[in-house]
Amino acid sequence: MEPRRSQDHEDVPRPVVGIGNAFPASFELAEHRHRRGQFLYAASGVIAVSTPEGSWVTPPERAVWIPPGTPHSVRMVGAVQTRSVLIEPAAYEVFPGSCRVVGVTALLRQLLVAAAEIPTEYDEQGRDGLVMRLLVAEIRSAPRIPIAVPFPRQPALAALCHAFLERPSATAAIDQWASALALNRRSFTRLFRRETGMSFAEWRQQACVSVALPRLAAGEAITSIALDLGYDGPANFSTMFKRMLGVPPSRYRP
């Protein structure tokens, strides 16, 4: 299969275009944007997508939806093979207007693989067109997975959130953050939920999982990750992880 660059297929006269590429370990795609929406799936490895609004990590069996025109960068964890589709916004207007991570079923995975091998100017009324329409239907029905770290727009709070991702801690307290912003606890809680759409505790857990996933994919020990994140030990970390993602952290180690 010949690799296809997304930038080369923005104006292909088809509503959906499949793309497949392979990237070496630690490869980074600098910030860019697409006129079309992009559904990005790592067939192997882990990808981390960053936008001005937040960060999304896609471990195995997950994909990320990136709306049209969204500036984003992509970091590969380990050697990564991607399968993705570019979707014409005018053709499918009901897709969500914000990034999100979704689950990838066995059928959706096979459709993504098939789409990357279909000619770009396929017969819309033939078999290839049917595959693409079914692919879009499966993407629409894919369940949302809570792996998101939204960034606030308020500059001082955003700076705290970015600093947290550099040195995440499961024991970070609301009172410390509120004090840093010269706010009382109640005012900080309201501000944080208004800016991120979630509570401080929820965001803190999401951030810890987002940081842990690439480290797990790189083969690091669960105990080391748990202790670095401020958990008492691997058991507490594993319980939180399984509660959020439905599987233990060992599921994401190579």
# chains A, B, ... in the order shown; residues from 1 in each chain; ligands from 1
$ residues_around --residues "A:Thr239" --least-positions-apart "4" --cutoff "12 Å" --atoms "only C-alpha atoms" --output "PyMOL selection string"
chain A and resi 205+209+226+231-235+243-250
$ residues_around --residues "stretch 73-80 of chain A" --least-positions-apart "3" --cutoff "6 Å" --atoms "only C-alpha atoms" --output "ChimeraX atom specification"
/A:22-31,44-50
$ closest_residue --among "A:Ile66, A:Val85, A:Gln38, A:Ala172" --to "A:Gly97" --atoms "only C-alpha atoms"
A:Ile66
$ select_by_dssp --residues "stretch 37-185 of chain A" --states "strand (DSSP E or B)" --output "PyMOL selection string"
chain A and resi 37-51+54-58+62-66+72-87+100-103+144-145+149-150
$ closest_residue --among "A:Thr223, A:Ser238, A:Ser98, A:Thr70" --to "A:Arg144" --atoms "only C-alpha atoms"
A:Ser98
$ atom_distance --atom1 "atom CA of A:Ala43" --atom2 "atom CA of A:Ala217"
13.2 Å
$ residues_around --residues "A:Val16" --least-positions-apart "3" --cutoff "9 Å" --atoms "only C-alpha atoms" --output "VMD selection string"
chain A and resid 12 to 13 85 to 88 91 115 120 132 to 133 136
$ decode --residues "stretch 14-147 of chain A" --atoms "C-alpha atoms" --output "PDB file, in the first residue's frame"
ATOM      1  CA  ARG A  14     -14.990  12.214  -2.963  1.00  0.00           C
ATOM      2  CA  PRO A  15     -16.704  12.780   0.408  1.00  0.00           C
ATOM      3  CA  VAL A  16     -14.422  10.307   2.240  1.00  0.00           C
ATOM      4  CA  VAL A  17     -10.750   9.476   1.605  1.00  0.00           C
ATOM      5  CA  GLY A  18      -8.831   6.695   3.361  1.00  0.00           C
ATOM      6  CA  ILE A  19      -5.173   7.127   4.377  1.00  0.00           C
ATOM      7  CA  GLY A  20      -2.580   4.716   5.752  1.00  0.00           C
ATOM      8  CA  ASN A  21       0.912   5.593   6.980  1.00  0.00           C
ATOM      9  CA  ALA A  22       3.774   4.249   9.102  1.00  0.00           C
ATOM     10  CA  PHE A  23       5.861   6.421  11.443  1.00  0.00           C
ATOM     11  CA  PRO A  24       9.061   5.678  13.375  1.00  0.00           C
ATOM     12  CA  ALA A  25       9.171   5.799  17.160  1.00  0.00           C
ATOM     13  CA  SER A  26       8.880   9.277  18.723  1.00  0.00           C
ATOM     14  CA  PHE A  27       8.026  10.906  15.382  1.00  0.00           C
ATOM     15  CA  GLU A  28       6.140  14.185  15.720  1.00  0.00           C
ATOM     16  CA  LEU A  29       3.871  15.943  13.252  1.00  0.00           C
ATOM     17  CA  ALA A  30       4.071  19.692  13.819  1.00  0.00           C
ATOM     18  CA  GLU A  31       0.880  21.682  14.276  1.00  0.00           C
ATOM     19  CA  HIS A  32      -1.252  21.689  11.140  1.00  0.00           C
ATOM     20  CA  ARG A  33      -4.910  21.592  10.164  1.00  0.00           C
ATOM     21  CA  HIS A  34      -7.184  19.987   7.593  1.00  0.00           C
ATOM     22  CA  ARG A  35     -10.097  21.482   5.718  1.00  0.00           C
ATOM     23  CA  ARG A  36     -11.854  18.137   6.202  1.00  0.00           C
ATOM     24  CA  GLY A  37     -12.583  16.374   9.464  1.00  0.00           C
ATOM     25  CA  GLN A  38     -10.113  13.607  10.317  1.00  0.00           C
ATOM     26  CA  PHE A  39     -10.770  10.308  12.071  1.00  0.00           C
ATOM     27  CA  LEU A  40      -7.328   9.121  13.200  1.00  0.00           C
ATOM     28  CA  TYR A  41      -6.640   5.551  14.370  1.00  0.00           C
ATOM     29  CA  ALA A  42      -3.375   3.915  15.440  1.00  0.00           C
ATOM     30  CA  ALA A  43      -3.441   0.356  14.131  1.00  0.00           C
ATOM     31  CA  SER A  44      -0.308  -0.179  16.237  1.00  0.00           C
ATOM     32  CA  GLY A  45       1.381   1.977  18.841  1.00  0.00           C
ATOM     33  CA  VAL A  46      -0.096   4.980  20.643  1.00  0.00           C
ATOM     34  CA  ILE A  47      -0.704   8.516  19.367  1.00  0.00           C
ATOM     35  CA  ALA A  48      -1.093  11.723  21.372  1.00  0.00           C
ATOM     36  CA  VAL A  49      -3.014  14.557  19.727  1.00  0.00           C
ATOM     37  CA  SER A  50      -2.691  18.111  21.078  1.00  0.00           C
ATOM     38  CA  THR A  51      -4.772  21.157  20.174  1.00  0.00           C
ATOM     39  CA  PRO A  52      -5.128  24.615  21.750  1.00  0.00           C
ATOM     40  CA  GLU A  53      -8.198  23.237  23.563  1.00  0.00           C
ATOM     41  CA  GLY A  54      -6.722  20.062  25.031  1.00  0.00           C
ATOM     42  CA  SER A  55      -4.893  16.769  24.708  1.00  0.00           C
ATOM     43  CA  TRP A  56      -6.183  13.368  23.557  1.00  0.00           C
ATOM     44  CA  VAL A  57      -4.374  10.029  23.765  1.00  0.00           C
ATOM     45  CA  THR A  58      -5.459   7.042  21.682  1.00  0.00           C
ATOM     46  CA  PRO A  59      -4.263   3.657  22.921  1.00  0.00           C
ATOM     47  CA  PRO A  60      -5.085   0.425  21.037  1.00  0.00           C
ATOM     48  CA  GLU A  61      -8.755   0.016  20.054  1.00  0.00           C
ATOM     49  CA  ARG A  62      -9.292   3.770  20.285  1.00  0.00           C
ATOM     50  CA  ALA A  63      -9.337   6.590  17.722  1.00  0.00           C
ATOM     51  CA  VAL A  64      -9.637  10.361  17.849  1.00  0.00           C
ATOM     52  CA  TRP A  65     -12.017  12.565  15.885  1.00  0.00           C
ATOM     53  CA  ILE A  66     -10.494  15.914  14.849  1.00  0.00           C
ATOM     54  CA  PRO A  67     -13.064  18.422  13.518  1.00  0.00           C
ATOM     55  CA  PRO A  68     -12.441  20.366  10.279  1.00  0.00           C
ATOM     56  CA  GLY A  69     -10.038  23.277  10.632  1.00  0.00           C
ATOM     57  CA  THR A  70      -8.764  22.285  14.080  1.00  0.00           C
ATOM     58  CA  PRO A  71      -5.046  23.066  14.543  1.00  0.00           C
ATOM     59  CA  HIS A  72      -3.379  19.980  15.995  1.00  0.00           C
ATOM     60  CA  SER A  73      -0.030  18.264  16.448  1.00  0.00           C
ATOM     61  CA  VAL A  74       0.517  14.506  16.729  1.00  0.00           C
ATOM     62  CA  ARG A  75       3.187  12.647  18.710  1.00  0.00           C
ATOM     63  CA  MET A  76       3.903   8.965  18.103  1.00  0.00           C
ATOM     64  CA  VAL A  77       4.713   6.695  21.046  1.00  0.00           C
ATOM     65  CA  GLY A  78       6.700   3.777  19.721  1.00  0.00           C
ATOM     66  CA  ALA A  79       6.557   2.827  16.056  1.00  0.00           C
ATOM     67  CA  VAL A  80       3.061   3.677  14.854  1.00  0.00           C
ATOM     68  CA  GLN A  81       0.941   2.588  11.904  1.00  0.00           C
ATOM     69  CA  THR A  82      -2.042   4.856  11.338  1.00  0.00           C
ATOM     70  CA  ARG A  83      -5.256   4.347   9.431  1.00  0.00           C
ATOM     71  CA  SER A  84      -7.444   7.392   9.089  1.00  0.00           C
ATOM     72  CA  VAL A  85     -10.112   8.963   6.940  1.00  0.00           C
ATOM     73  CA  LEU A  86     -10.689  12.535   5.831  1.00  0.00           C
ATOM     74  CA  ILE A  87     -14.391  13.407   5.773  1.00  0.00           C
ATOM     75  CA  GLU A  88     -15.840  16.262   3.732  1.00  0.00           C
ATOM     76  CA  PRO A  89     -17.683  18.539   6.185  1.00  0.00           C
ATOM     77  CA  ALA A  90     -20.373  19.525   3.696  1.00  0.00           C
ATOM     78  CA  ALA A  91     -21.257  15.875   3.105  1.00  0.00           C
ATOM     79  CA  TYR A  92     -21.584  14.883   6.767  1.00  0.00           C
ATOM     80  CA  GLU A  93     -22.509  17.891   8.877  1.00  0.00           C
ATOM     81  CA  VAL A  94     -23.644  16.033  12.002  1.00  0.00           C
ATOM     82  CA  PHE A  95     -20.188  15.066  13.259  1.00  0.00           C
ATOM     83  CA  PRO A  96     -19.179  16.573  16.622  1.00  0.00           C
ATOM     84  CA  GLY A  97     -17.560  19.998  16.618  1.00  0.00           C
ATOM     85  CA  SER A  98     -14.915  19.135  19.196  1.00  0.00           C
ATOM     86  CA  CYS A  99     -12.175  16.515  19.470  1.00  0.00           C
ATOM     87  CA  ARG A 100     -13.061  13.255  21.161  1.00  0.00           C
ATOM     88  CA  VAL A 101     -11.678   9.758  21.671  1.00  0.00           C
ATOM     89  CA  VAL A 102     -13.959   6.895  20.649  1.00  0.00           C
ATOM     90  CA  GLY A 103     -13.891   3.123  20.782  1.00  0.00           C
ATOM     91  CA  VAL A 104     -12.985   1.151  17.662  1.00  0.00           C
ATOM     92  CA  THR A 105     -14.913  -2.083  17.129  1.00  0.00           C
ATOM     93  CA  ALA A 106     -13.578  -5.017  15.136  1.00  0.00           C
ATOM     94  CA  LEU A 107     -15.799  -4.006  12.205  1.00  0.00           C
ATOM     95  CA  LEU A 108     -14.696  -0.368  12.289  1.00  0.00           C
ATOM     96  CA  ARG A 109     -11.046  -1.447  12.437  1.00  0.00           C
ATOM     97  CA  GLN A 110     -11.427  -3.619   9.337  1.00  0.00           C
ATOM     98  CA  LEU A 111     -13.254  -0.839   7.503  1.00  0.00           C
ATOM     99  CA  LEU A 112     -10.433   1.603   8.295  1.00  0.00           C
ATOM    100  CA  VAL A 113      -7.887  -0.878   6.936  1.00  0.00           C
ATOM    101  CA  ALA A 114      -9.981  -1.433   3.797  1.00  0.00           C
ATOM    102  CA  ALA A 115     -10.526   2.317   3.250  1.00  0.00           C
ATOM    103  CA  ALA A 116      -6.772   2.976   3.182  1.00  0.00           C
ATOM    104  CA  GLU A 117      -6.457   0.539   0.260  1.00  0.00           C
ATOM    105  CA  ILE A 118      -9.343   1.938  -1.789  1.00  0.00           C
ATOM    106  CA  PRO A 119      -8.356   4.223  -4.710  1.00  0.00           C
ATOM    107  CA  THR A 120      -8.886   7.879  -3.869  1.00  0.00           C
ATOM    108  CA  GLU A 121     -11.260   8.421  -6.794  1.00  0.00           C
ATOM    109  CA  TYR A 122     -13.349   5.313  -6.227  1.00  0.00           C
ATOM    110  CA  ASP A 123     -16.721   4.456  -7.717  1.00  0.00           C
ATOM    111  CA  GLU A 124     -19.190   6.025  -5.293  1.00  0.00           C
ATOM    112  CA  GLN A 125     -22.026   3.804  -6.553  1.00  0.00           C
ATOM    113  CA  GLY A 126     -20.011   0.595  -6.437  1.00  0.00           C
ATOM    114  CA  ARG A 127     -18.526  -1.631  -3.732  1.00  0.00           C
ATOM    115  CA  ASP A 128     -15.946   0.965  -2.627  1.00  0.00           C
ATOM    116  CA  GLY A 129     -18.626   3.589  -2.151  1.00  0.00           C
ATOM    117  CA  LEU A 130     -20.611   1.157   0.014  1.00  0.00           C
ATOM    118  CA  VAL A 131     -17.548   0.501   2.165  1.00  0.00           C
ATOM    119  CA  MET A 132     -17.037   4.224   2.707  1.00  0.00           C
ATOM    120  CA  ARG A 133     -20.684   4.834   3.616  1.00  0.00           C
ATOM    121  CA  LEU A 134     -20.644   1.957   6.088  1.00  0.00           C
ATOM    122  CA  LEU A 135     -17.380   3.313   7.523  1.00  0.00           C
ATOM    123  CA  VAL A 136     -18.972   6.712   8.151  1.00  0.00           C
ATOM    124  CA  ALA A 137     -21.993   5.045   9.784  1.00  0.00           C
ATOM    125  CA  GLU A 138     -19.700   3.080  12.114  1.00  0.00           C
ATOM    126  CA  ILE A 139     -17.723   6.201  13.030  1.00  0.00           C
ATOM    127  CA  ARG A 140     -20.960   7.998  13.877  1.00  0.00           C
ATOM    128  CA  SER A 141     -22.055   5.214  16.220  1.00  0.00           C
ATOM    129  CA  ALA A 142     -18.641   4.690  17.880  1.00  0.00           C
ATOM    130  CA  PRO A 143     -18.904   5.106  21.680  1.00  0.00           C
ATOM    131  CA  ARG A 144     -17.175   8.075  23.253  1.00  0.00           C
ATOM    132  CA  ILE A 145     -14.296   7.185  25.611  1.00  0.00           C
ATOM    133  CA  PRO A 146     -13.433   9.561  28.482  1.00  0.00           C
ATOM    134  CA  ILE A 147      -9.767  10.169  27.687  1.00  0.00           C
TER     135      ILE A 147
END
